[in-house]
Amino acid sequence: MATNDLSALVILLLKGVIYQEADAGTWNSLLNLQARVRDYVTVLGLELVLDEAEGYTFLRSRPESEDDAAPKLPRLVARRPLSFTVSLLLALLRKKLAEFDASGGDTRLVLSRDEIVELVRVFLPESSNEAKLIDQIETHLNKIVELGFLRRLKPGTGQAAVFEVRRILKAFVDAQWLADFDARLAAYQAQLGATSGGAADE
């Protein structure tokens, strides 16, 4: 393959996640060139994360060296601070994905907005204004769609919004994180009680 093809792959990766289902041609090119892509992005302080089983690949910053004398490169991939409620939603969606995978059913986890609202409702302060609660969660769901962890699907006539949980979420919320899930949720609830409802408005 030409250098231009290698450069095109790296440029696509710098723009975001590549999914096998979205572009099989690009995916196959990346599989063939992955060793060269890894070498290419290492110079930029990045590493290639490629999950062939789940069908996605992306770039992330390489872990910083523990050697204090080693030069520190500026981050090419920026960190994205998440609000408390977005983090909570991601945790709940990841747990739902793990339960879904354990059931051995379909490969695509699809949830309605109302199902997601019910997932998170128990962890948010009680609200007498149902419409406001749904609006707030919609805002957070839009953020998660923007981050690439959910994909908005076209709902049927008269249906509420429907979302597919993208499997790339597994790469960001890993099995070790899930092992501590109950303790984390207890901490979430304690924080919610301490903030008297402020977290829901983030």
# chains A, B, ... in the order shown; residues from 1 in each chain; ligands from 1

call {"tool": "select_by_dssp", "arguments": {"residues": "stretch 66-165 of chain A", "states": "strand (DSSP E)", "output": "short mmCIF file (atom, residue, chain, number, x, y, z; two decimals) with all heavy atoms, in the first residue's frame"}}
result
data_model
loop_
_atom_site.label_atom_id
_atom_site.label_comp_id
_atom_site.auth_asym_id
_atom_site.auth_seq_id
_atom_site.Cartn_x
_atom_site.Cartn_y
_atom_site.Cartn_z
N LEU A 109 -27.21 -4.03 21.85
CA LEU A 109 -28.05 -3.62 22.98
C LEU A 109 -28.73 -2.31 22.61
O LEU A 109 -28.08 -1.29 22.42
CB LEU A 109 -27.20 -3.44 24.24
CG LEU A 109 -27.92 -2.86 25.46
CD1 LEU A 109 -29.13 -3.71 25.85
CD2 LEU A 109 -26.96 -2.72 26.64
N VAL A 110 -30.06 -2.36 22.49
CA VAL A 110 -30.85 -1.18 22.14
C VAL A 110 -31.79 -0.86 23.31
O VAL A 110 -32.49 -1.74 23.80
CB VAL A 110 -31.67 -1.43 20.85
CG1 VAL A 110 -32.57 -0.24 20.55
CG2 VAL A 110 -30.73 -1.70 19.68
N LEU A 111 -31.75 0.39 23.76
CA LEU A 111 -32.57 0.83 24.88
C LEU A 111 -33.36 2.07 24.49
O LEU A 111 -32.85 2.94 23.77
CB LEU A 111 -31.69 1.17 26.09
CG LEU A 111 -30.84 0.05 26.69
CD1 LEU A 111 -29.87 0.62 27.72
CD2 LEU A 111 -31.72 -1.02 27.32
N SER A 112 -34.58 2.17 24.97
CA SER A 112 -35.35 3.38 24.75
C SER A 112 -34.92 4.44 25.77
O SER A 112 -34.31 4.12 26.80
CB SER A 112 -36.85 3.10 24.91
OG SER A 112 -37.15 2.84 26.28
N LEU A 150 -23.08 6.07 22.62
CA LEU A 150 -24.44 5.74 22.21
C LEU A 150 -24.64 6.17 20.78
O LEU A 150 -24.04 7.15 20.33
CB LEU A 150 -25.47 6.47 23.09
CG LEU A 150 -25.75 5.97 24.51
CD1 LEU A 150 -26.72 6.91 25.20
CD2 LEU A 150 -26.28 4.56 24.52
N ARG A 151 -25.52 5.45 20.08
CA ARG A 151 -25.92 5.87 18.74
C ARG A 151 -27.44 6.01 18.73
O ARG A 151 -28.15 5.09 19.11
CB ARG A 151 -25.50 4.84 17.68
CG ARG A 151 -25.97 5.23 16.28
CD ARG A 151 -25.29 4.41 15.21
NE ARG A 151 -25.56 2.98 15.35
CZ ARG A 151 -25.02 2.05 14.56
NH1 ARG A 151 -24.16 2.39 13.62
NH2 ARG A 151 -25.32 0.78 14.74
N ARG A 152 -27.90 7.18 18.32
CA ARG A 152 -29.34 7.43 18.28
C ARG A 152 -29.93 6.72 17.05
O ARG A 152 -29.45 6.89 15.94
CB ARG A 152 -29.61 8.93 18.21
CG ARG A 152 -31.07 9.32 18.41
CD ARG A 152 -31.24 10.82 18.28
NE ARG A 152 -30.56 11.54 19.35
CZ ARG A 152 -31.10 11.81 20.52
NH1 ARG A 152 -32.34 11.43 20.78
NH2 ARG A 152 -30.42 12.48 21.44
N LEU A 153 -30.95 5.92 17.29
CA LEU A 153 -31.62 5.20 16.21
C LEU A 153 -32.94 5.88 15.89
O LEU A 153 -33.48 6.64 16.70
CB LEU A 153 -31.88 3.74 16.62
CG LEU A 153 -30.64 2.93 17.04
CD1 LEU A 153 -31.06 1.53 17.46
CD2 LEU A 153 -29.61 2.86 15.92
N VAL A 162 -34.71 6.19 20.82
CA VAL A 162 -34.14 4.85 20.98
C VAL A 162 -32.63 4.95 20.72
O VAL A 162 -32.19 5.67 19.81
CB VAL A 162 -34.78 3.85 19.99
CG1 VAL A 162 -34.19 2.47 20.17
CG2 VAL A 162 -36.28 3.81 20.18
N PHE A 163 -31.84 4.22 21.53
CA PHE A 163 -30.39 4.31 21.44
C PHE A 163 -29.76 2.92 21.39
O PHE A 163 -30.21 2.01 22.08
CB PHE A 163 -29.81 5.05 22.66
CG PHE A 163 -30.33 6.45 22.83
CD1 PHE A 163 -31.48 6.68 23.57
CD2 PHE A 163 -29.66 7.53 22.27
CE1 PHE A 163 -31.97 7.97 23.74
CE2 PHE A 163 -30.15 8.82 22.43
CZ PHE A 163 -31.30 9.04 23.17
N GLU A 164 -28.69 2.80 20.60
CA GLU A 164 -27.86 1.59 20.65
C GLU A 164 -26.64 1.90 21.50
O GLU A 164 -25.98 2.93 21.30
CB GLU A 164 -27.40 1.19 19.25
CG GLU A 164 -26.48 -0.03 19.26
CD GLU A 164 -25.88 -0.36 17.90
OE1 GLU A 164 -26.31 0.25 16.89
OE2 GLU A 164 -24.98 -1.23 17.85
N VAL A 165 -26.34 1.01 22.45
CA VAL A 165 -25.13 1.17 23.28
C VAL A 165 -23.96 0.65 22.46
O VAL A 165 -23.90 -0.52 22.10
CB VAL A 165 -25.26 0.38 24.60
CG1 VAL A 165 -24.00 0.57 25.45
CG2 VAL A 165 -26.51 0.82 25.37
#

call {"tool": "residues_around", "arguments": {"residues": "stretch 92-105 of chain A", "least_positions_apart": "2", "cutoff": "12 Å", "atoms": "only C-alpha atoms", "output": "PDB file with N, CA, C and O atoms, in the first residue's frame"}}
result
ATOM      1  N   GLU A  54     -14.887  -7.036  18.592  1.00  0.00           N
ATOM      2  CA  GLU A  54     -15.985  -6.085  18.725  1.00  0.00           C
ATOM      3  C   GLU A  54     -16.100  -5.159  17.521  1.00  0.00           C
ATOM      4  O   GLU A  54     -17.115  -4.487  17.346  1.00  0.00           O
ATOM      5  N   THR A  85     -23.265  13.213  36.418  1.00  0.00           N
ATOM      6  CA  THR A  85     -24.388  12.422  35.920  1.00  0.00           C
ATOM      7  C   THR A  85     -24.028  11.676  34.641  1.00  0.00           C
ATOM      8  O   THR A  85     -24.476  10.548  34.430  1.00  0.00           O
ATOM      9  N   VAL A  86     -23.218  12.279  33.775  1.00  0.00           N
ATOM     10  CA  VAL A  86     -22.763  11.574  32.575  1.00  0.00           C
ATOM     11  C   VAL A  86     -21.927  10.354  32.983  1.00  0.00           C
ATOM     12  O   VAL A  86     -22.084   9.257  32.433  1.00  0.00           O
ATOM     13  N   SER A  87     -21.051  10.510  33.961  1.00  0.00           N
ATOM     14  CA  SER A  87     -20.242   9.386  34.440  1.00  0.00           C
ATOM     15  C   SER A  87     -21.134   8.277  34.993  1.00  0.00           C
ATOM     16  O   SER A  87     -20.895   7.088  34.747  1.00  0.00           O
ATOM     17  N   LEU A  88     -22.154   8.665  35.739  1.00  0.00           N
ATOM     18  CA  LEU A  88     -23.096   7.691  36.292  1.00  0.00           C
ATOM     19  C   LEU A  88     -23.818   6.935  35.175  1.00  0.00           C
ATOM     20  O   LEU A  88     -23.928   5.710  35.201  1.00  0.00           O
ATOM     21  N   LEU A  89     -24.283   7.665  34.182  1.00  0.00           N
ATOM     22  CA  LEU A  89     -24.970   7.030  33.056  1.00  0.00           C
ATOM     23  C   LEU A  89     -24.058   6.050  32.324  1.00  0.00           C
ATOM     24  O   LEU A  89     -24.479   4.944  31.960  1.00  0.00           O
ATOM     25  N   LEU A  90     -22.814   6.442  32.102  1.00  0.00           N
ATOM     26  CA  LEU A  90     -21.868   5.543  31.437  1.00  0.00           C
ATOM     27  C   LEU A  90     -21.656   4.272  32.247  1.00  0.00           C
ATOM     28  O   LEU A  90     -21.594   3.166  31.692  1.00  0.00           O
ATOM     29  N   THR A 107     -26.375  -9.246  19.488  1.00  0.00           N
ATOM     30  CA  THR A 107     -25.101  -8.545  19.696  1.00  0.00           C
ATOM     31  C   THR A 107     -25.306  -7.053  19.917  1.00  0.00           C
ATOM     32  O   THR A 107     -24.385  -6.366  20.334  1.00  0.00           O
ATOM     33  N   ARG A 108     -26.500  -6.540  19.619  1.00  0.00           N
ATOM     34  CA  ARG A 108     -26.756  -5.101  19.739  1.00  0.00           C
ATOM     35  C   ARG A 108     -27.693  -4.837  20.909  1.00  0.00           C
ATOM     36  O   ARG A 108     -28.806  -5.355  20.956  1.00  0.00           O
ATOM     37  N   LEU A 109     -27.214  -4.027  21.851  1.00  0.00           N
ATOM     38  CA  LEU A 109     -28.048  -3.623  22.978  1.00  0.00           C
ATOM     39  C   LEU A 109     -28.731  -2.312  22.613  1.00  0.00           C
ATOM     40  O   LEU A 109     -28.078  -1.287  22.425  1.00  0.00           O
ATOM     41  N   VAL A 110     -30.060  -2.358  22.494  1.00  0.00           N
ATOM     42  CA  VAL A 110     -30.855  -1.181  22.142  1.00  0.00           C
ATOM     43  C   VAL A 110     -31.785  -0.860  23.312  1.00  0.00           C
ATOM     44  O   VAL A 110     -32.493  -1.735  23.804  1.00  0.00           O
ATOM     45  N   LEU A 111     -31.752   0.391  23.760  1.00  0.00           N
ATOM     46  CA  LEU A 111     -32.569   0.833  24.882  1.00  0.00           C
ATOM     47  C   LEU A 111     -33.356   2.072  24.489  1.00  0.00           C
ATOM     48  O   LEU A 111     -32.852   2.939  23.772  1.00  0.00           O
ATOM     49  N   GLU A 115     -36.304   3.599  29.133  1.00  0.00           N
ATOM     50  CA  GLU A 115     -35.577   2.543  29.861  1.00  0.00           C
ATOM     51  C   GLU A 115     -34.326   3.111  30.512  1.00  0.00           C
ATOM     52  O   GLU A 115     -33.973   2.733  31.643  1.00  0.00           O
ATOM     53  N   ILE A 116     -33.653   4.015  29.833  1.00  0.00           N
ATOM     54  CA  ILE A 116     -32.448   4.626  30.404  1.00  0.00           C
ATOM     55  C   ILE A 116     -32.820   5.532  31.574  1.00  0.00           C
ATOM     56  O   ILE A 116     -32.128   5.561  32.599  1.00  0.00           O
ATOM     57  N   VAL A 117     -33.921   6.253  31.439  1.00  0.00           N
ATOM     58  CA  VAL A 117     -34.404   7.099  32.547  1.00  0.00           C
ATOM     59  C   VAL A 117     -34.635   6.241  33.787  1.00  0.00           C
ATOM     60  O   VAL A 117     -34.248   6.611  34.905  1.00  0.00           O
ATOM     61  N   GLU A 118     -35.250   5.069  33.602  1.00  0.00           N
ATOM     62  CA  GLU A 118     -35.525   4.195  34.741  1.00  0.00           C
ATOM     63  C   GLU A 118     -34.241   3.646  35.354  1.00  0.00           C
ATOM     64  O   GLU A 118     -34.168   3.445  36.566  1.00  0.00           O
ATOM     65  N   LEU A 119     -33.220   3.405  34.516  1.00  0.00           N
ATOM     66  CA  LEU A 119     -31.937   2.936  35.030  1.00  0.00           C
ATOM     67  C   LEU A 119     -31.333   3.927  36.014  1.00  0.00           C
ATOM     68  O   LEU A 119     -30.777   3.551  37.049  1.00  0.00           O
ATOM     69  N   VAL A 120     -31.423   5.211  35.664  1.00  0.00           N
ATOM     70  CA  VAL A 120     -30.712   6.237  36.424  1.00  0.00           C
ATOM     71  C   VAL A 120     -31.579   6.890  37.499  1.00  0.00           C
ATOM     72  O   VAL A 120     -31.062   7.480  38.447  1.00  0.00           O
ATOM     73  N   ARG A 121     -32.890   6.753  37.388  1.00  0.00           N
ATOM     74  CA  ARG A 121     -33.800   7.481  38.284  1.00  0.00           C
ATOM     75  C   ARG A 121     -33.498   7.226  39.765  1.00  0.00           C
ATOM     76  O   ARG A 121     -33.509   8.147  40.582  1.00  0.00           O
ATOM     77  N   VAL A 122     -33.210   5.978  40.111  1.00  0.00           N
ATOM     78  CA  VAL A 122     -33.023   5.624  41.516  1.00  0.00           C
ATOM     79  C   VAL A 122     -31.797   6.314  42.122  1.00  0.00           C
ATOM     80  O   VAL A 122     -31.705   6.490  43.337  1.00  0.00           O
ATOM     81  N   PHE A 123     -30.874   6.741  41.262  1.00  0.00           N
ATOM     82  CA  PHE A 123     -29.648   7.368  41.760  1.00  0.00           C
ATOM     83  C   PHE A 123     -29.695   8.890  41.750  1.00  0.00           C
ATOM     84  O   PHE A 123     -28.738   9.541  42.148  1.00  0.00           O
ATOM     85  N   LEU A 141     -27.741  12.378  27.646  1.00  0.00           N
ATOM     86  CA  LEU A 141     -27.685  11.364  26.583  1.00  0.00           C
ATOM     87  C   LEU A 141     -27.098  11.954  25.296  1.00  0.00           C
ATOM     88  O   LEU A 141     -26.336  11.286  24.596  1.00  0.00           O
ATOM     89  N   ILE A 144     -23.442  11.881  25.604  1.00  0.00           N
ATOM     90  CA  ILE A 144     -22.893  10.527  25.445  1.00  0.00           C
ATOM     91  C   ILE A 144     -22.911  10.116  23.974  1.00  0.00           C
ATOM     92  O   ILE A 144     -22.002   9.432  23.504  1.00  0.00           O
ATOM     93  N   PHE A 149     -20.454   6.840  22.640  1.00  0.00           N
ATOM     94  CA  PHE A 149     -20.807   5.637  23.392  1.00  0.00           C
ATOM     95  C   PHE A 149     -22.255   5.198  23.157  1.00  0.00           C
ATOM     96  O   PHE A 149     -22.620   4.078  23.507  1.00  0.00           O
ATOM     97  N   LEU A 150     -23.079   6.071  22.617  1.00  0.00           N
ATOM     98  CA  LEU A 150     -24.438   5.740  22.214  1.00  0.00           C
ATOM     99  C   LEU A 150     -24.637   6.170  20.778  1.00  0.00           C
ATOM    100  O   LEU A 150     -24.037   7.145  20.332  1.00  0.00           O
ATOM    101  N   PHE A 163     -31.838   4.217  21.533  1.00  0.00           N
ATOM    102  CA  PHE A 163     -30.385   4.313  21.436  1.00  0.00           C
ATOM    103  C   PHE A 163     -29.758   2.923  21.395  1.00  0.00           C
ATOM    104  O   PHE A 163     -30.209   2.013  22.085  1.00  0.00           O
ATOM    105  N   GLU A 164     -28.692   2.796  20.599  1.00  0.00           N
ATOM    106  CA  GLU A 164     -27.861   1.594  20.645  1.00  0.00           C
ATOM    107  C   GLU A 164     -26.637   1.901  21.497  1.00  0.00           C
ATOM    108  O   GLU A 164     -25.975   2.929  21.304  1.00  0.00           O
ATOM    109  N   VAL A 165     -26.339   1.011  22.451  1.00  0.00           N
ATOM    110  CA  VAL A 165     -25.134   1.166  23.275  1.00  0.00           C
ATOM    111  C   VAL A 165     -23.957   0.652  22.461  1.00  0.00           C
ATOM    112  O   VAL A 165     -23.898  -0.522  22.095  1.00  0.00           O
ATOM    113  N   ARG A 166     -23.026   1.555  22.140  1.00  0.00           N
ATOM    114  CA  ARG A 166     -21.863   1.175  21.315  1.00  0.00           C
ATOM    115  C   ARG A 166     -20.904   0.334  22.155  1.00  0.00           C
ATOM    116  O   ARG A 166     -20.596   0.666  23.306  1.00  0.00           O
ATOM    117  N   ARG A 167     -20.386  -0.714  21.538  1.00  0.00           N
ATOM    118  CA  ARG A 167     -19.570  -1.657  22.292  1.00  0.00           C
ATOM    119  C   ARG A 167     -18.192  -1.098  22.653  1.00  0.00           C
ATOM    120  O   ARG A 167     -17.498  -1.648  23.507  1.00  0.00           O
ATOM    121  N   ILE A 168     -17.834   0.023  22.062  1.00  0.00           N
ATOM    122  CA  ILE A 168     -16.568   0.669  22.422  1.00  0.00           C
ATOM    123  C   ILE A 168     -16.571   1.110  23.890  1.00  0.00           C
ATOM    124  O   ILE A 168     -15.520   1.312  24.494  1.00  0.00           O
ATOM    125  N   LEU A 169     -17.760   1.215  24.480  1.00  0.00           N
ATOM    126  CA  LEU A 169     -17.853   1.566  25.901  1.00  0.00           C
ATOM    127  C   LEU A 169     -17.054   0.598  26.758  1.00  0.00           C
ATOM    128  O   LEU A 169     -16.499   0.974  27.801  1.00  0.00           O
ATOM    129  N   LYS A 170     -16.939  -0.670  26.314  1.00  0.00           N
ATOM    130  CA  LYS A 170     -16.198  -1.680  27.064  1.00  0.00           C
ATOM    131  C   LYS A 170     -14.715  -1.328  27.177  1.00  0.00           C
ATOM    132  O   LYS A 170     -14.050  -1.727  28.134  1.00  0.00           O
ATOM    133  N   ALA A 171     -14.197  -0.595  26.208  1.00  0.00           N
ATOM    134  CA  ALA A 171     -12.775  -0.232  26.230  1.00  0.00           C
ATOM    135  C   ALA A 171     -12.496   0.874  27.238  1.00  0.00           C
ATOM    136  O   ALA A 171     -11.363   1.037  27.691  1.00  0.00           O
ATOM    137  N   PHE A 172     -13.518   1.653  27.593  1.00  0.00           N
ATOM    138  CA  PHE A 172     -13.322   2.781  28.495  1.00  0.00           C
ATOM    139  C   PHE A 172     -13.761   2.470  29.922  1.00  0.00           C
ATOM    140  O   PHE A 172     -13.246   3.044  30.870  1.00  0.00           O
ATOM    141  N   VAL A 173     -14.726   1.581  30.059  1.00  0.00           N
ATOM    142  CA  VAL A 173     -15.152   1.130  31.387  1.00  0.00           C
ATOM    143  C   VAL A 173     -14.863  -0.366  31.422  1.00  0.00           C
ATOM    144  O   VAL A 173     -15.647  -1.173  30.936  1.00  0.00           O
ATOM    145  N   ASP A 174     -13.709  -0.752  31.979  1.00  0.00           N
ATOM    146  CA  ASP A 174     -13.239  -2.125  31.840  1.00  0.00           C
ATOM    147  C   ASP A 174     -13.770  -3.049  32.939  1.00  0.00           C
ATOM    148  O   ASP A 174     -14.494  -2.637  33.841  1.00  0.00           O
ATOM    149  N   ALA A 175     -13.382  -4.328  32.848  1.00  0.00           N
ATOM    150  CA  ALA A 175     -13.887  -5.347  33.769  1.00  0.00           C
ATOM    151  C   ALA A 175     -13.476  -5.057  35.210  1.00  0.00           C
ATOM    152  O   ALA A 175     -14.253  -5.287  36.144  1.00  0.00           O
ATOM    153  N   GLN A 176     -12.264  -4.541  35.413  1.00  0.00           N
ATOM    154  CA  GLN A 176     -11.826  -4.223  36.773  1.00  0.00           C
ATOM    155  C   GLN A 176     -12.692  -3.117  37.368  1.00  0.00           C
ATOM    156  O   GLN A 176     -13.054  -3.153  38.539  1.00  0.00           O
ATOM    157  N   TRP A 177     -13.032  -2.142  36.534  1.00  0.00           N
ATOM    158  CA  TRP A 177     -13.907  -1.065  36.991  1.00  0.00           C
ATOM    159  C   TRP A 177     -15.257  -1.639  37.404  1.00  0.00           C
ATOM    160  O   TRP A 177     -15.821  -1.279  38.431  1.00  0.00           O
ATOM    161  N   LEU A 178     -15.781  -2.560  36.602  1.00  0.00           N
ATOM    162  CA  LEU A 178     -17.079  -3.161  36.921  1.00  0.00           C
ATOM    163  C   LEU A 178     -17.028  -3.982  38.195  1.00  0.00           C
ATOM    164  O   LEU A 178     -18.024  -4.084  38.918  1.00  0.00           O
ATOM    165  N   ALA A 179     -15.874  -4.563  38.501  1.00  0.00           N
ATOM    166  CA  ALA A 179     -15.742  -5.365  39.721  1.00  0.00           C
ATOM    167  C   ALA A 179     -15.999  -4.510  40.958  1.00  0.00           C
ATOM    168  O   ALA A 179     -16.453  -4.994  41.995  1.00  0.00           O
ATOM    169  N   ASP A 180     -15.704  -3.215  40.852  1.00  0.00           N
ATOM    170  CA  ASP A 180     -15.911  -2.294  41.976  1.00  0.00           C
ATOM    171  C   ASP A 180     -17.213  -1.509  41.825  1.00  0.00           C
ATOM    172  O   ASP A 180     -17.408  -0.489  42.493  1.00  0.00           O
ATOM    173  N   PHE A 181     -18.093  -1.982  40.953  1.00  0.00           N
ATOM    174  CA  PHE A 181     -19.264  -1.189  40.579  1.00  0.00           C
ATOM    175  C   PHE A 181     -20.158  -0.862  41.776  1.00  0.00           C
ATOM    176  O   PHE A 181     -20.599   0.275  41.945  1.00  0.00           O
ATOM    177  N   ASP A 182     -20.443  -1.855  42.598  1.00  0.00           N
ATOM    178  CA  ASP A 182     -21.351  -1.626  43.725  1.00  0.00           C
ATOM    179  C   ASP A 182     -20.793  -0.561  44.672  1.00  0.00           C
ATOM    180  O   ASP A 182     -21.534   0.297  45.156  1.00  0.00           O
ATOM    181  N   ARG A 184     -18.766   1.829  43.871  1.00  0.00           N
ATOM    182  CA  ARG A 184     -18.831   3.114  43.186  1.00  0.00           C
ATOM    183  C   ARG A 184     -20.242   3.693  43.246  1.00  0.00           C
ATOM    184  O   ARG A 184     -20.418   4.897  43.447  1.00  0.00           O
ATOM    185  N   LEU A 185     -21.241   2.838  43.070  1.00  0.00           N
ATOM    186  CA  LEU A 185     -22.612   3.329  43.130  1.00  0.00           C
ATOM    187  C   LEU A 185     -22.958   3.818  44.539  1.00  0.00           C
ATOM    188  O   LEU A 185     -23.691   4.791  44.707  1.00  0.00           O
ATOM    189  N   TYR A 188     -21.598   7.165  44.670  1.00  0.00           N
ATOM    190  CA  TYR A 188     -22.460   8.076  43.903  1.00  0.00           C
ATOM    191  C   TYR A 188     -23.649   8.520  44.755  1.00  0.00           C
ATOM    192  O   TYR A 188     -23.984   9.694  44.820  1.00  0.00           O
TER     193      TYR A 188
END

call {"tool": "residues_around", "arguments": {"residues": "A:Leu59", "least_positions_apart": "6", "cutoff": "8 Å", "atoms": "only C-alpha atoms", "output": "number ranges by chain"}}
result
A: 13-14, 16-17, 46-49

call {"tool": "residues_around", "arguments": {"residues": "A:Ile18", "least_positions_apart": "6", "cutoff": "12 Å", "atoms": "only C-alpha atoms", "output": "PDB file with N, CA and C atoms, in the first residue's frame"}}
result
ATOM      1  N   LEU A   9      -5.322   6.545   6.707  1.00  0.00           N
ATOM      2  CA  LEU A   9      -5.813   5.781   7.857  1.00  0.00           C
ATOM      3  C   LEU A   9      -5.535   6.522   9.164  1.00  0.00           C
ATOM      4  N   VAL A  10      -4.324   7.054   9.294  1.00  0.00           N
ATOM      5  CA  VAL A  10      -3.958   7.760  10.526  1.00  0.00           C
ATOM      6  C   VAL A  10      -4.819   9.006  10.690  1.00  0.00           C
ATOM      7  N   ILE A  11      -5.065   9.711   9.596  1.00  0.00           N
ATOM      8  CA  ILE A  11      -5.905  10.915   9.664  1.00  0.00           C
ATOM      9  C   ILE A  11      -7.317  10.551  10.125  1.00  0.00           C
ATOM     10  N   LEU A  12      -7.874   9.460   9.589  1.00  0.00           N
ATOM     11  CA  LEU A  12      -9.210   9.009  10.006  1.00  0.00           C
ATOM     12  C   LEU A  12      -9.216   8.657  11.494  1.00  0.00           C
ATOM     13  N   ALA A  24     -16.190  -1.332   5.902  1.00  0.00           N
ATOM     14  CA  ALA A  24     -15.434  -2.593   5.874  1.00  0.00           C
ATOM     15  C   ALA A  24     -14.119  -2.443   5.108  1.00  0.00           C
ATOM     16  N   GLY A  25     -14.111  -1.608   4.044  1.00  0.00           N
ATOM     17  CA  GLY A  25     -12.894  -1.421   3.262  1.00  0.00           C
ATOM     18  C   GLY A  25     -11.783  -0.791   4.077  1.00  0.00           C
ATOM     19  N   THR A  26     -12.115   0.291   4.797  1.00  0.00           N
ATOM     20  CA  THR A  26     -11.126   0.951   5.653  1.00  0.00           C
ATOM     21  C   THR A  26     -10.675   0.021   6.760  1.00  0.00           C
ATOM     22  N   TRP A  27     -11.627  -0.733   7.320  1.00  0.00           N
ATOM     23  CA  TRP A  27     -11.303  -1.677   8.401  1.00  0.00           C
ATOM     24  C   TRP A  27     -10.286  -2.725   7.915  1.00  0.00           C
ATOM     25  N   ASN A  28     -10.515  -3.286   6.737  1.00  0.00           N
ATOM     26  CA  ASN A  28      -9.597  -4.304   6.216  1.00  0.00           C
ATOM     27  C   ASN A  28      -8.222  -3.715   5.916  1.00  0.00           C
ATOM     28  N   SER A  29      -8.206  -2.483   5.411  1.00  0.00           N
ATOM     29  CA  SER A  29      -6.919  -1.812   5.161  1.00  0.00           C
ATOM     30  C   SER A  29      -6.155  -1.630   6.467  1.00  0.00           C
ATOM     31  N   LEU A  30      -6.891  -1.263   7.515  1.00  0.00           N
ATOM     32  CA  LEU A  30      -6.248  -1.046   8.810  1.00  0.00           C
ATOM     33  C   LEU A  30      -5.695  -2.353   9.370  1.00  0.00           C
ATOM     34  N   LEU A  31      -6.434  -3.450   9.213  1.00  0.00           N
ATOM     35  CA  LEU A  31      -5.928  -4.740   9.682  1.00  0.00           C
ATOM     36  C   LEU A  31      -4.625  -5.094   8.969  1.00  0.00           C
ATOM     37  N   LEU A  48      -2.441   2.574  19.289  1.00  0.00           N
ATOM     38  CA  LEU A  48      -3.625   2.090  18.579  1.00  0.00           C
ATOM     39  C   LEU A  48      -4.320   1.046  19.440  1.00  0.00           C
ATOM     40  N   VAL A  49      -5.601   1.261  19.687  1.00  0.00           N
ATOM     41  CA  VAL A  49      -6.432   0.264  20.367  1.00  0.00           C
ATOM     42  C   VAL A  49      -7.320  -0.357  19.294  1.00  0.00           C
ATOM     43  N   LEU A  50      -7.184  -1.661  19.082  1.00  0.00           N
ATOM     44  CA  LEU A  50      -7.931  -2.329  18.016  1.00  0.00           C
ATOM     45  C   LEU A  50      -8.558  -3.601  18.587  1.00  0.00           C
ATOM     46  N   ASP A  51      -9.869  -3.673  18.559  1.00  0.00           N
ATOM     47  CA  ASP A  51     -10.598  -4.846  19.041  1.00  0.00           C
ATOM     48  C   ASP A  51     -11.277  -5.502  17.842  1.00  0.00           C
ATOM     49  N   GLU A  52     -10.655  -6.567  17.335  1.00  0.00           N
ATOM     50  CA  GLU A  52     -11.206  -7.222  16.151  1.00  0.00           C
ATOM     51  C   GLU A  52     -12.531  -7.909  16.455  1.00  0.00           C
ATOM     52  N   GLU A  54     -14.887  -7.036  18.592  1.00  0.00           N
ATOM     53  CA  GLU A  54     -15.985  -6.085  18.725  1.00  0.00           C
ATOM     54  C   GLU A  54     -16.100  -5.159  17.521  1.00  0.00           C
ATOM     55  N   GLY A  55     -15.044  -5.097  16.707  1.00  0.00           N
ATOM     56  CA  GLY A  55     -15.116  -4.334  15.471  1.00  0.00           C
ATOM     57  C   GLY A  55     -14.958  -2.836  15.617  1.00  0.00           C
ATOM     58  N   TYR A  56     -14.016  -2.390  16.452  1.00  0.00           N
ATOM     59  CA  TYR A  56     -13.750  -0.954  16.554  1.00  0.00           C
ATOM     60  C   TYR A  56     -12.265  -0.721  16.813  1.00  0.00           C
ATOM     61  N   THR A  57     -11.807   0.476  16.475  1.00  0.00           N
ATOM     62  CA  THR A  57     -10.428   0.861  16.735  1.00  0.00           C
ATOM     63  C   THR A  57     -10.351   2.372  16.926  1.00  0.00           C
ATOM     64  N   PHE A  58      -9.417   2.805  17.772  1.00  0.00           N
ATOM     65  CA  PHE A  58      -9.241   4.233  18.045  1.00  0.00           C
ATOM     66  C   PHE A  58      -7.835   4.468  18.574  1.00  0.00           C
ATOM     67  N   LEU A  59      -7.474   5.734  18.667  1.00  0.00           N
ATOM     68  CA  LEU A  59      -6.177   6.126  19.213  1.00  0.00           C
ATOM     69  C   LEU A  59      -6.351   6.689  20.617  1.00  0.00           C
ATOM     70  N   GLY A 148     -19.651   9.240  21.495  1.00  0.00           N
ATOM     71  CA  GLY A 148     -19.562   8.027  20.696  1.00  0.00           C
ATOM     72  C   GLY A 148     -19.931   6.747  21.415  1.00  0.00           C
ATOM     73  N   ILE A 168     -17.834   0.023  22.062  1.00  0.00           N
ATOM     74  CA  ILE A 168     -16.568   0.669  22.422  1.00  0.00           C
ATOM     75  C   ILE A 168     -16.571   1.110  23.890  1.00  0.00           C
TER      76      ILE A 168
END
